[in-house]
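Q: My structure file upload_28.csv, CSV, C-alpha atoms and all ligand atoms, is below:
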chain,number,residue,atom,x,y,z
A,1,MET,CA,29.1,-21.5,-2.8
A,2,PHE,CA,32.3,-19.7,-3.7
A,3,THR,CA,35.6,-20.9,-2.2
A,4,ARG,CA,37.2,-18.5,0.2
A,5,LYS,CA,40.1,-18.1,-2.2
A,6,PHE,CA,37.8,-17.2,-5.0
A,7,GLU,CA,36.0,-14.7,-2.8
A,8,ARG,CA,39.2,-13.0,-1.9
A,9,ARG,CA,40.0,-12.6,-5.6
A,10,VAL,CA,36.7,-11.0,-6.2
A,11,TYR,CA,37.3,-8.6,-3.3
A,12,ILE,CA,40.7,-7.7,-4.7
A,13,ALA,CA,39.3,-7.2,-8.2
A,14,ILE,CA,36.6,-4.9,-6.8
A,15,GLY,CA,39.2,-3.0,-4.8
A,16,VAL,CA,41.4,-2.5,-7.9
A,17,PHE,CA,38.4,-1.4,-9.9
A,18,LEU,CA,37.3,1.2,-7.2
A,19,PHE,CA,40.9,2.5,-6.9
A,20,ALA,CA,41.0,2.9,-10.7
A,21,VAL,CA,37.7,4.8,-10.7
A,22,VAL,CA,38.8,7.2,-7.9
A,23,LEU,CA,42.2,7.8,-9.6
A,24,GLY,CA,40.5,8.2,-13.0
A,25,GLY,CA,38.0,10.6,-11.6
A,26,ALA,CA,40.7,12.7,-9.9
A,27,PHE,CA,42.7,12.7,-13.1
A,28,GLY,CA,39.6,13.7,-15.1
A,29,ALA,CA,38.8,16.5,-12.7
A,30,TYR,CA,42.3,17.7,-12.9
A,31,VAL,CA,42.4,17.7,-16.7
A,32,LEU,CA,38.9,19.2,-17.2
A,33,TRP,CA,39.2,21.7,-14.3
A,34,PRO,CA,38.1,25.0,-15.9
A,35,SER,CA,41.2,27.3,-16.3
A,36,ASN,CA,38.7,30.2,-16.0
A,37,LEU,CA,38.9,29.8,-12.3
A,38,GLU,CA,42.6,30.7,-12.0
A,39,ALA,CA,43.9,34.2,-11.6
A,40,GLY,CA,47.1,35.2,-13.4
A,41,TYR,CA,46.3,33.3,-16.6
A,42,GLU,CA,48.3,35.0,-19.4
A,43,PRO,CA,47.9,33.3,-22.8
A,44,GLU,CA,50.3,33.6,-25.7
A,45,GLN,CA,49.0,36.1,-28.3
A,46,PRO,CA,49.6,36.1,-32.1
A,47,LEU,CA,51.5,39.4,-31.9
A,48,PRO,CA,53.2,41.3,-29.1
A,49,TYR,CA,50.6,44.0,-28.5
A,50,SER,CA,51.3,46.1,-25.4
A,51,HIS,CA,48.7,47.7,-23.2
A,52,LYS,CA,51.6,49.4,-21.3
A,53,VAL,CA,52.6,51.2,-24.6
A,54,HIS,CA,49.1,52.0,-25.9
A,55,ALA,CA,47.0,52.6,-22.7
A,56,GLY,CA,49.9,53.6,-20.5
A,57,THR,CA,52.5,55.7,-22.4
A,58,LEU,CA,50.2,56.8,-25.2
A,59,GLN,CA,47.1,57.1,-22.9
A,60,ILE,CA,44.7,55.9,-25.5
A,61,ASP,CA,41.2,55.5,-23.9
A,62,CYS,CA,40.2,52.0,-23.1
A,63,LEU,CA,36.9,52.6,-24.9
A,64,TYR,CA,38.6,53.7,-28.1
A,65,CYS,CA,39.4,50.0,-28.6
A,66,HIS,CA,36.8,48.2,-26.4
A,67,VAL,CA,34.0,50.2,-27.9
A,68,GLU,CA,31.0,48.3,-26.5
A,69,ALA,CA,32.1,48.1,-22.8
A,70,GLU,CA,29.7,50.9,-21.8
A,71,THR,CA,26.8,50.0,-24.1
A,72,GLY,CA,26.6,46.2,-24.4
A,73,PRO,CA,27.2,42.9,-22.6
A,74,SER,CA,30.6,42.3,-24.2
A,75,ALA,CA,33.5,44.9,-24.1
A,76,THR,CA,34.7,43.6,-27.6
A,77,VAL,CA,38.2,43.4,-28.9
A,78,PRO,CA,39.2,45.8,-31.7
A,79,SER,CA,39.5,44.8,-35.4
A,80,VAL,CA,42.7,45.3,-37.5
A,81,THR,CA,41.1,48.5,-39.0
A,82,VAL,CA,41.1,50.2,-35.6
A,83,CYS,CA,44.9,49.5,-35.3
A,84,MET,CA,45.4,50.8,-38.8
A,85,ASN,CA,43.9,54.1,-37.9
A,86,CYS,CA,47.3,54.8,-36.5
A,87,HIS,CA,49.6,52.2,-38.0
A,88,LEU,CA,49.1,53.2,-41.6
A,89,GLU,CA,51.3,56.1,-40.5
A,90,VAL,CA,53.1,54.8,-37.4
A,91,GLN,CA,55.6,52.2,-38.8
A,92,THR,CA,58.7,52.9,-36.8
A,93,LYS,CA,61.8,51.0,-38.0
A,94,ASP,CA,64.9,50.0,-36.1
A,95,ALA,CA,68.5,51.2,-36.9
A,96,GLN,CA,68.8,48.5,-39.6
A,97,GLY,CA,65.6,49.7,-41.3
A,98,ARG,CA,63.5,46.7,-40.2
A,99,LEU,CA,59.9,47.0,-39.0
A,100,LYS,CA,59.3,46.0,-35.4
A,101,PRO,CA,58.2,42.4,-35.4
A,102,GLY,CA,54.7,43.2,-34.1
A,103,ILE,CA,54.1,45.8,-36.7
A,104,ALA,CA,55.2,43.4,-39.5
A,105,ILE,CA,52.7,40.8,-38.3
A,106,LEU,CA,50.0,43.5,-38.1
A,107,LEU,CA,50.7,44.8,-41.6
A,108,SER,CA,50.7,41.2,-43.1
A,109,HIS,CA,47.2,40.7,-41.6
A,110,TRP,CA,46.0,44.0,-43.0
A,111,GLU,CA,47.4,43.2,-46.5
A,112,ARG,CA,45.8,39.7,-46.5
A,113,LYS,CA,42.6,41.2,-45.0
A,114,GLU,CA,42.8,38.5,-42.3
A,115,PRO,CA,41.5,39.2,-38.7
A,116,ILE,CA,43.9,38.7,-35.8
A,117,VAL,CA,42.5,35.9,-33.7
A,118,TRP,CA,43.4,36.9,-30.1
A,119,ASN,CA,43.3,34.3,-27.3
A,120,LYS,CA,40.7,35.0,-24.6
A,121,VAL,CA,42.2,36.0,-21.3
A,122,ASN,CA,38.9,36.2,-19.3
A,123,ASP,CA,36.3,33.6,-20.2
A,124,LEU,CA,33.3,33.2,-18.0
A,125,ALA,CA,31.4,29.9,-17.8
A,126,ASP,CA,28.5,30.1,-20.3
A,127,PHE,CA,25.9,29.3,-17.7
A,128,ALA,CA,26.6,32.6,-15.9
A,129,TYR,CA,25.3,35.9,-17.3
A,130,PHE,CA,27.5,38.9,-17.3
A,131,ASP,CA,27.0,42.4,-18.8
A,132,HIS,CA,29.7,45.1,-19.0
A,133,SER,CA,27.3,48.0,-19.5
A,134,ARG,CA,25.4,47.2,-16.2
A,135,HIS,CA,28.6,47.5,-14.3
A,136,MET,CA,29.8,50.6,-16.1
A,137,THR,CA,26.6,52.5,-15.5
A,138,ALA,CA,27.0,51.5,-11.8
A,139,GLY,CA,30.2,53.6,-11.9
A,140,LEU,CA,32.8,50.8,-11.6
A,141,THR,CA,36.2,51.2,-13.3
A,142,CYS,CA,37.7,48.7,-15.7
A,143,GLN,CA,40.6,48.3,-13.2
A,144,GLU,CA,38.4,47.1,-10.3
A,145,CYS,CA,37.8,43.9,-12.3
A,146,HIS,CA,40.8,43.8,-14.6
A,147,GLY,CA,43.6,45.3,-12.5
A,148,PRO,CA,46.1,47.9,-13.7
A,149,VAL,CA,45.9,46.9,-17.4
A,150,GLU,CA,47.7,50.2,-18.5
A,151,LYS,CA,50.8,48.9,-16.7
A,152,MET,CA,50.7,45.4,-18.3
A,153,GLU,CA,52.9,44.5,-21.2
A,154,HIS,CA,50.6,41.4,-21.7
A,155,VAL,CA,47.1,41.4,-20.2
A,156,ARG,CA,46.8,38.7,-17.6
A,157,ARG,CA,43.6,37.6,-15.7
A,158,GLU,CA,43.6,39.6,-12.5
A,159,TYR,CA,40.9,37.6,-10.7
A,160,GLY,CA,39.7,34.0,-11.0
A,161,LEU,CA,36.2,34.3,-12.4
A,162,LYS,CA,34.6,32.3,-9.5
A,163,MET,CA,31.1,32.8,-8.3
A,164,SER,CA,32.5,33.9,-4.9
A,165,TRP,CA,34.4,36.8,-6.6
A,166,CYS,CA,31.2,38.1,-8.1
A,167,LEU,CA,29.3,37.7,-4.8
A,168,ASP,CA,32.0,39.2,-2.6
A,169,CYS,CA,31.4,42.5,-4.4
A,170,HIS,CA,27.6,42.1,-4.9
A,171,LYS,CA,26.9,41.5,-1.3
A,172,GLN,CA,28.6,44.7,-0.1
A,173,ALA,CA,26.4,47.5,1.4
A,174,PRO,CA,25.2,50.0,-1.3
A,175,PRO,CA,27.6,52.9,-1.6
A,176,ALA,CA,26.3,56.3,-0.6
A,177,GLY,CA,24.5,57.9,-3.6
A,178,SER,CA,24.2,54.7,-5.6
A,179,ALA,CA,21.0,53.6,-7.4
A,180,ALA,CA,20.9,50.5,-5.1
A,181,GLU,CA,20.8,52.8,-2.1
A,182,ALA,CA,18.1,55.0,-3.6
A,183,ARG,CA,16.0,51.8,-4.1
A,184,GLY,CA,16.6,50.8,-0.5
A,185,ASP,CA,18.3,47.6,-1.4
A,186,ALA,CA,20.2,45.7,1.3
A,187,THR,CA,23.2,44.9,-1.0
A,188,ARG,CA,25.1,46.8,-3.7
A,189,ALA,CA,23.9,44.4,-6.4
A,190,PRO,CA,21.6,41.4,-6.7
A,191,ILE,CA,22.6,38.2,-5.0
A,192,ASN,CA,19.5,36.1,-6.0
A,193,CYS,CA,20.5,33.1,-8.1
A,194,THR,CA,18.4,34.2,-11.2
A,195,ALA,CA,20.3,37.5,-11.5
A,196,CYS,CA,23.3,35.5,-12.9
A,197,HIS,CA,21.8,32.1,-13.8
A,198,ARG,CA,18.9,32.9,-16.1
B,201,LIG,C1,44.7,50.5,-29.0
B,201,LIG,C2,43.7,49.5,-28.6
B,201,LIG,C3,43.5,49.1,-27.1
B,201,LIG,C4,43.4,50.0,-26.1
B,201,LIG,C5,43.5,51.5,-26.0
B,201,LIG,C6,43.1,49.1,-24.9
B,201,LIG,N1,43.1,47.8,-25.3
B,201,LIG,FE1,42.6,46.3,-24.1
B,201,LIG,N2,42.9,45.0,-25.7
B,201,LIG,C7,43.3,45.3,-27.0
B,201,LIG,C8,43.6,44.2,-27.7
B,201,LIG,C9,44.0,44.1,-29.2
B,201,LIG,C10,43.3,43.1,-26.9
B,201,LIG,C11,43.5,41.6,-27.2
B,201,LIG,C12,44.9,41.1,-27.1
B,201,LIG,C13,45.4,41.0,-25.6
B,201,LIG,O1,44.7,40.3,-24.9
B,201,LIG,O2,46.4,41.5,-25.3
B,201,LIG,C14,42.9,43.6,-25.6
B,201,LIG,C15,42.6,42.8,-24.5
B,201,LIG,C16,42.1,43.4,-23.3
B,201,LIG,C17,41.7,42.6,-22.2
B,201,LIG,C18,41.6,41.1,-22.1
B,201,LIG,C19,40.5,40.6,-23.0
B,201,LIG,C20,40.1,39.1,-22.7
B,201,LIG,O3,40.3,38.3,-23.6
B,201,LIG,O4,39.7,38.8,-21.6
B,201,LIG,C21,41.3,43.4,-21.2
B,201,LIG,C22,40.7,43.1,-19.8
B,201,LIG,C23,41.6,44.8,-21.7
B,201,LIG,N3,42.1,44.7,-22.9
B,201,LIG,C24,41.3,45.9,-20.9
B,201,LIG,C25,41.7,47.2,-21.3
B,201,LIG,C26,41.7,48.3,-20.5
B,201,LIG,C27,41.2,48.4,-19.0
B,201,LIG,C28,42.1,49.4,-21.2
B,201,LIG,C29,42.4,50.8,-20.8
B,201,LIG,C30,43.2,51.0,-19.6
B,201,LIG,C31,42.5,48.9,-22.5
B,201,LIG,N4,42.2,47.5,-22.6
B,201,LIG,C32,42.9,49.6,-23.6
B,201,LIG,C33,43.4,46.6,-27.4
B,201,LIG,C34,43.3,47.8,-26.6
B,202,LIG,C1,32.4,44.0,-12.8
B,202,LIG,C2,33.7,43.6,-13.4
B,202,LIG,C3,34.1,44.1,-14.7
B,202,LIG,C4,34.3,45.4,-15.1
B,202,LIG,C5,34.0,46.7,-14.3
B,202,LIG,C6,34.8,45.4,-16.4
B,202,LIG,N1,35.0,44.1,-16.8
B,202,LIG,FE1,35.7,43.4,-18.6
B,202,LIG,N2,35.2,41.5,-18.2
B,202,LIG,C7,34.7,41.1,-17.0
B,202,LIG,C8,34.4,39.7,-17.0
B,202,LIG,C9,33.7,38.9,-15.9
B,202,LIG,C10,34.7,39.3,-18.4
B,202,LIG,C11,34.5,37.9,-19.0
B,202,LIG,C12,33.2,37.9,-19.7
B,202,LIG,C13,32.8,36.7,-20.4
B,202,LIG,O1,33.7,35.8,-20.7
B,202,LIG,O2,31.7,36.5,-20.8
B,202,LIG,C14,35.3,40.4,-19.0
B,202,LIG,C15,35.8,40.4,-20.3
B,202,LIG,C16,36.4,41.5,-20.9
B,202,LIG,C17,37.0,41.5,-22.3
B,202,LIG,C18,37.0,40.4,-23.2
B,202,LIG,C19,35.9,40.5,-24.2
B,202,LIG,C20,34.6,40.3,-23.6
B,202,LIG,O3,33.8,41.3,-23.4
B,202,LIG,O4,34.3,39.1,-23.2
B,202,LIG,C21,37.5,42.8,-22.5
B,202,LIG,C22,38.2,43.3,-23.7
B,202,LIG,C23,37.2,43.6,-21.3
B,202,LIG,N3,36.5,42.8,-20.4
B,202,LIG,C24,37.5,44.9,-21.2
B,202,LIG,C25,37.0,45.8,-20.2
B,202,LIG,C26,37.1,47.2,-20.2
B,202,LIG,C27,37.8,48.0,-21.2
B,202,LIG,C28,36.4,47.7,-19.1
B,202,LIG,C29,36.2,49.1,-18.7
B,202,LIG,C30,35.6,50.0,-19.7
B,202,LIG,C31,35.9,46.5,-18.4
B,202,LIG,N4,36.2,45.4,-19.1
B,202,LIG,C32,35.2,46.5,-17.2
B,202,LIG,C33,34.5,41.9,-15.8
B,202,LIG,C34,34.5,43.3,-15.8
B,203,LIG,C1,45.9,55.9,-31.5
B,203,LIG,C2,47.0,55.3,-32.2
B,203,LIG,C3,47.3,53.9,-32.2
B,203,LIG,C4,46.4,52.8,-32.2
B,203,LIG,C5,44.9,52.9,-32.4
B,203,LIG,C6,47.2,51.6,-32.2
B,203,LIG,N1,48.6,51.9,-32.0
B,203,LIG,FE1,50.1,50.6,-31.9
B,203,LIG,N2,51.4,52.1,-31.5
B,203,LIG,C7,51.1,53.4,-31.6
B,203,LIG,C8,52.3,54.2,-31.4
B,203,LIG,C9,52.4,55.7,-31.4
B,203,LIG,C10,53.3,53.3,-31.1
B,203,LIG,C11,54.7,53.6,-30.7
B,203,LIG,C12,55.5,53.7,-31.9
B,203,LIG,C13,56.8,53.0,-31.8
B,203,LIG,O1,57.5,53.0,-30.7
B,203,LIG,O2,57.2,52.4,-32.7
B,203,LIG,C14,52.7,52.0,-31.2
B,203,LIG,C15,53.4,50.8,-31.1
B,203,LIG,C16,52.9,49.5,-31.5
B,203,LIG,C17,53.7,48.3,-31.6
B,203,LIG,C18,55.2,48.2,-31.4
B,203,LIG,C19,55.5,48.1,-29.9
B,203,LIG,C20,57.0,47.9,-29.7
B,203,LIG,O3,57.6,48.8,-29.1
B,203,LIG,O4,57.5,46.9,-30.2
B,203,LIG,C21,52.8,47.3,-32.0
B,203,LIG,C22,53.2,45.8,-32.2
B,203,LIG,C23,51.5,47.9,-32.1
B,203,LIG,N3,51.6,49.2,-31.8
B,203,LIG,C24,50.4,47.2,-32.4
B,203,LIG,C25,49.1,47.7,-32.4
B,203,LIG,C26,47.9,46.9,-32.6
B,203,LIG,C27,47.8,45.5,-32.8
B,203,LIG,C28,46.9,47.8,-32.5
B,203,LIG,C29,45.4,47.5,-32.6
B,203,LIG,C30,44.9,46.6,-31.6
B,203,LIG,C31,47.4,49.2,-32.3
B,203,LIG,N4,48.8,49.0,-32.2
B,203,LIG,C32,46.7,50.3,-32.2
B,203,LIG,C33,49.8,54.0,-31.9
B,203,LIG,C34,48.7,53.3,-32.0
B,204,LIG,C1,33.6,45.1,-8.0
B,204,LIG,C2,32.2,44.8,-7.9
B,204,LIG,C3,31.5,43.8,-8.8
B,204,LIG,C4,32.0,42.6,-9.3
B,204,LIG,C5,33.3,42.0,-9.1
B,204,LIG,C6,30.9,42.0,-10.0
B,204,LIG,N1,29.8,42.8,-10.0
B,204,LIG,FE1,28.0,42.5,-11.0
B,204,LIG,N2,27.3,44.3,-10.3
B,204,LIG,C7,28.0,45.2,-9.5
B,204,LIG,C8,27.2,46.4,-9.4
B,204,LIG,C9,27.6,47.6,-8.6
B,204,LIG,C10,26.0,46.2,-10.2
B,204,LIG,C11,24.9,47.2,-10.4
B,204,LIG,C12,23.7,47.1,-9.5
B,204,LIG,C13,22.7,48.2,-10.0
B,204,LIG,O1,22.3,48.2,-11.2
B,204,LIG,O2,22.4,49.0,-9.2
B,204,LIG,C14,26.1,44.8,-10.7
B,204,LIG,C15,25.1,44.3,-11.5
B,204,LIG,C16,25.2,43.0,-12.0
B,204,LIG,C17,24.1,42.4,-12.8
B,204,LIG,C18,22.8,43.0,-13.2
B,204,LIG,C19,21.7,42.4,-12.2
B,204,LIG,C20,20.4,42.9,-12.7
B,204,LIG,O3,19.8,42.2,-13.5
B,204,LIG,O4,20.0,44.0,-12.3
B,204,LIG,C21,24.6,41.1,-13.1
B,204,LIG,C22,23.8,40.0,-13.9
B,204,LIG,C23,25.9,41.0,-12.6
B,204,LIG,N3,26.2,42.1,-11.9
B,204,LIG,C24,26.7,39.8,-12.7
B,204,LIG,C25,28.0,39.7,-12.3
B,204,LIG,C26,28.8,38.5,-12.5
B,204,LIG,C27,28.4,37.2,-13.1
B,204,LIG,C28,30.0,38.8,-11.9
B,204,LIG,C29,31.2,37.9,-11.8
B,204,LIG,C30,31.7,37.3,-13.0
B,204,LIG,C31,29.9,40.2,-11.3
B,204,LIG,N4,28.7,40.7,-11.6
B,204,LIG,C32,31.0,40.8,-10.7
B,204,LIG,C33,29.2,45.0,-9.0
B,204,LIG,C34,30.1,43.9,-9.3
B,205,LIG,C1,26.6,37.7,-9.1
B,205,LIG,C2,26.4,36.5,-9.9
B,205,LIG,C3,26.0,35.2,-9.3
B,205,LIG,C4,25.0,34.9,-8.4
B,205,LIG,C5,24.0,35.9,-7.8
B,205,LIG,C6,24.9,33.5,-8.3
B,205,LIG,N1,25.9,32.9,-9.0
B,205,LIG,FE1,26.2,30.9,-9.2
B,205,LIG,N2,27.8,31.3,-10.4
B,205,LIG,C7,28.2,32.5,-10.9
B,205,LIG,C8,29.4,32.4,-11.7
B,205,LIG,C9,30.1,33.5,-12.4
B,205,LIG,C10,29.7,31.0,-11.8
B,205,LIG,C11,30.8,30.3,-12.6
B,205,LIG,C12,31.9,29.9,-11.8
B,205,LIG,C13,32.6,28.7,-12.4
B,205,LIG,O1,33.0,28.7,-13.5
B,205,LIG,O2,32.6,27.7,-11.7
B,205,LIG,C14,28.7,30.3,-11.0
B,205,LIG,C15,28.6,28.9,-10.7
B,205,LIG,C16,27.6,28.3,-10.1
B,205,LIG,C17,27.5,26.8,-9.9
B,205,LIG,C18,28.4,25.8,-10.5
B,205,LIG,C19,29.4,25.3,-9.4
B,205,LIG,C20,30.3,26.3,-8.9
B,205,LIG,O3,30.3,26.7,-7.7
B,205,LIG,O4,31.2,26.8,-9.7
B,205,LIG,C21,26.3,26.6,-9.2
B,205,LIG,C22,25.8,25.2,-8.8
B,205,LIG,C23,25.7,27.9,-8.9
B,205,LIG,N3,26.5,28.9,-9.4
B,205,LIG,C24,24.6,28.1,-8.2
B,205,LIG,C25,24.1,29.3,-7.7
B,205,LIG,C26,23.0,29.4,-6.7
B,205,LIG,C27,22.2,28.3,-6.2
B,205,LIG,C28,22.8,30.8,-6.5
B,205,LIG,C29,21.9,31.5,-5.6
B,205,LIG,C30,22.0,31.2,-4.2
B,205,LIG,C31,23.9,31.5,-7.3
B,205,LIG,N4,24.6,30.5,-8.0
B,205,LIG,C32,24.0,32.8,-7.4
B,205,LIG,C33,27.6,33.7,-10.6
B,205,LIG,C34,26.6,33.9,-9.7
Go ahead and render the structure in this file as structure tokens.
A:
Amino acid sequence: MFTRKFERRVYIAIGVFLFAVVLGGAFGAYVLWPSNLEAGYEPEQPLPYSHKVHAGTLQIDCLYCHVEAETGPSATVPSVTVCMNCHLEVQTKDAQGRLKPGIAILLSHWERKEPIVWNKVNDLADFAYFDHSRHMTAGLTCQECHGPVEKMEHVRREYGLKMSWCLDCHKQAPPAGSAAEARGDATRAPINCTACHR
């Protein structure tokens, strides 16, 4: 049989091992924790594009740039060509005759025919299904899910994209006059698992 001293060493070794597993697990969860669950996320972008200027001051329609929001699953982000519809002309210079930094970056992409790779602000887990057009036909506004984008210099994530966020809205009673009410549904939108996990 083992001596008592040896036994104690084994117990200590097991204890240290378990402690390391727990700590490692917690650290792993912390590192791998999906950032898509946090509200307020505001990634750096390759050029200082302002929604406050374009959608606010200039009042350009959201759909002018996010063309598929009403017709497809993804709202899409505009190509450089869409920007150049205006910025071939609009190239305001400062008092020293220099282009604004953002415009200079835009023009260099245009000349090199290189797309601008914007960083995603909202990125839903791939195992959940989401479709913009379904929500737009139901009469929702962009702001209900994205906040007052037209007042934002840089877009930030208004809501964490948690399942509970989707469900809090879906399980509301159908608004008067909605398609869901006409169908006699108990909730505003489906809450069965397969609606979003297909
Ligand atoms: C002139 C073009 C233009 C207009 C108009 C515009 N946007 Fe955008 N939008 C962009 C570009 C470019 C990006 C990517 C860069 C960024 O995130 O700032 C973007 C990004 C976004 C994002 C974040 C996308 C992501 O990665 O999750 C949202 C949300 C958004 N726009 C909503 C709106 C809403 C709502 C309106 C109307 C109030 C609007 N936009 C008007 C060009 C436009
Ligand atoms: C019901 C909530 C909801 C509404 C309404 C909504 N969005 Fe979104 N939007 C989302 C979610 C969720 C994502 C993340 C989708 C993903 O990662 O697959 C997203 C992503 C985006 C993106 C990033 C590109 C993409 O499609 O993944 C843009 C741009 C955007 N939305 C713009 C808009 C605009 C413009 C409107 C109004 C015309 C709008 N959204 C209405 C929830 C919404
Ligand atoms: C419908 C016309 C139009 C479209 C489309 C458009 N812009 Fe603009 N943009 C303007 C106007 C007008 C200004 C303001 C001019 C100024 O103050 O210099 C401006 C200003 C800017 C500025 C300078 C902001 C500042 O004050 O520093 C940048 C950068 C810019 N736009 C980038 C873009 C990008 C990137 C796109 C495409 C995603 C785009 N624009 C699409 C009209 C447009
Ligand atoms: C602010 C309210 C709201 C939020 C937030 C919202 N939805 Fe919806 N959703 C609706 C409404 C309203 C409908 C349309 C119901 C109808 O067609 O009558 C809908 C419909 C859908 C449908 C279509 C179901 C079907 O097949 O008929 C899917 C899928 C869906 N939502 C997924 C999501 C996901 C995933 C999220 C979260 C990332 C989300 N929704 C967030 C209001 C919302
Ligand atoms: C309205 C859309 C919607 C419905 C309905 C829905 N889910 Fe989800 N679910 C989501 C979204 C969005 C996520 C992603 C959140 C994330 O990244 O963790 C998710 C994540 C999950 C996860 C991963 C763990 C977690 O909580 O993040 C599980 C498990 C899950 N759902 C199970 C279910 C089951 C079981 C049902 C039915 C009772 C259901 N879901 C109904 C949208 C939905």
Q: For ligand LIG 204 (chain B), return the neighbouring residues as an MDAnalysis selection string (distance at most 10 Å; all atoms listed in the file).
A: chainID A and resid 73 122:125 127:146 159:172 174:175 178:183 185 187:198
Q: Nearest residue to ligand LIG 205 (chain B) out of A:Met152, A:Phe19, A:Leu37, A:Lys113, using only C-alpha atoms and all ligand atoms?
A: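 Residue with the minimum atom-to-atom distance to ligand LIG 205 (chain B): A:Leu37.
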Q: Any idea what's packed within 6 Å of His66 (chain A), counting all atoms listed in the file, ignoring anything in its chain fewer than 2 positions away? Could you give it as a PyMOL selection string?
A: chain A and resi 63+68-69+75-77
Q: Please identify every polymer residue within 12 Å of ligand LIG 203 (chain B), using all atoms listed in the file, and present the set as a VMD selection string.
A: chain A and resid 45 to 66 76 to 94 98 to 110 115 to 118 153 to 154
Q: Since the input is missing atoms, can you rebuild N, CA and C atoms for region 158-173 of chain A and write them as a PDB file, in the frame of the given file?
A:
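Result file follows (rebuild_18.pdb):
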ATOM      1  N   GLU A 158      43.337  39.101 -13.862  1.00  0.00           N
ATOM      2  CA  GLU A 158      43.600  39.600 -12.500  1.00  0.00           C
ATOM      3  C   GLU A 158      42.944  38.808 -11.428  1.00  0.00           C
ATOM      4  N   TYR A 159      41.690  38.415 -11.670  1.00  0.00           N
ATOM      5  CA  TYR A 159      40.900  37.600 -10.700  1.00  0.00           C
ATOM      6  C   TYR A 159      40.415  36.360 -11.330  1.00  0.00           C
ATOM      7  N   GLY A 160      40.407  35.248 -10.555  1.00  0.00           N
ATOM      8  CA  GLY A 160      39.700  34.000 -11.000  1.00  0.00           C
ATOM      9  C   GLY A 160      38.260  34.359 -11.124  1.00  0.00           C
ATOM     10  N   LEU A 161      37.569  33.891 -12.169  1.00  0.00           N
ATOM     11  CA  LEU A 161      36.200  34.300 -12.400  1.00  0.00           C
ATOM     12  C   LEU A 161      35.231  33.352 -11.617  1.00  0.00           C
ATOM     13  N   LYS A 162      35.468  33.205 -10.335  1.00  0.00           N
ATOM     14  CA  LYS A 162      34.600  32.300  -9.500  1.00  0.00           C
ATOM     15  C   LYS A 162      33.368  33.044  -9.099  1.00  0.00           C
ATOM     16  N   MET A 163      32.354  32.258  -8.745  1.00  0.00           N
ATOM     17  CA  MET A 163      31.100  32.800  -8.300  1.00  0.00           C
ATOM     18  C   MET A 163      31.351  33.676  -7.019  1.00  0.00           C
ATOM     19  N   SER A 164      32.252  33.207  -6.161  1.00  0.00           N
ATOM     20  CA  SER A 164      32.500  33.900  -4.900  1.00  0.00           C
ATOM     21  C   SER A 164      33.104  35.320  -5.181  1.00  0.00           C
ATOM     22  N   TRP A 165      33.847  35.445  -6.280  1.00  0.00           N
ATOM     23  CA  TRP A 165      34.400  36.800  -6.600  1.00  0.00           C
ATOM     24  C   TRP A 165      33.275  37.732  -6.945  1.00  0.00           C
ATOM     25  N   CYS A 166      32.317  37.295  -7.762  1.00  0.00           N
ATOM     26  CA  CYS A 166      31.200  38.100  -8.100  1.00  0.00           C
ATOM     27  C   CYS A 166      30.407  38.501  -6.816  1.00  0.00           C
ATOM     28  N   LEU A 167      30.148  37.475  -5.996  1.00  0.00           N
ATOM     29  CA  LEU A 167      29.300  37.700  -4.800  1.00  0.00           C
ATOM     30  C   LEU A 167      29.965  38.552  -3.763  1.00  0.00           C
ATOM     31  N   ASP A 168      31.279  38.413  -3.595  1.00  0.00           N
ATOM     32  CA  ASP A 168      32.000  39.200  -2.600  1.00  0.00           C
ATOM     33  C   ASP A 168      31.730  40.708  -2.843  1.00  0.00           C
ATOM     34  N   CYS A 169      31.660  41.082  -4.110  1.00  0.00           N
ATOM     35  CA  CYS A 169      31.400  42.500  -4.400  1.00  0.00           C
ATOM     36  C   CYS A 169      29.888  42.767  -4.326  1.00  0.00           C
ATOM     37  N   HIS A 170      29.078  41.896  -4.914  1.00  0.00           N
ATOM     38  CA  HIS A 170      27.600  42.100  -4.900  1.00  0.00           C
ATOM     39  C   HIS A 170      27.015  42.284  -3.558  1.00  0.00           C
ATOM     40  N   LYS A 171      27.543  41.527  -2.576  1.00  0.00           N
ATOM     41  CA  LYS A 171      26.900  41.500  -1.300  1.00  0.00           C
ATOM     42  C   LYS A 171      27.329  42.683  -0.353  1.00  0.00           C
ATOM     43  N   GLN A 172      28.235  43.535  -0.858  1.00  0.00           N
ATOM     44  CA  GLN A 172      28.600  44.700  -0.100  1.00  0.00           C
ATOM     45  C   GLN A 172      27.410  45.633   0.121  1.00  0.00           C
ATOM     46  N   ALA A 173      27.477  46.481   1.136  1.00  0.00           N
ATOM     47  CA  ALA A 173      26.400  47.500   1.400  1.00  0.00           C
ATOM     48  C   ALA A 173      26.408  48.472   0.206  1.00  0.00           C
TER      49      ALA A 173
END
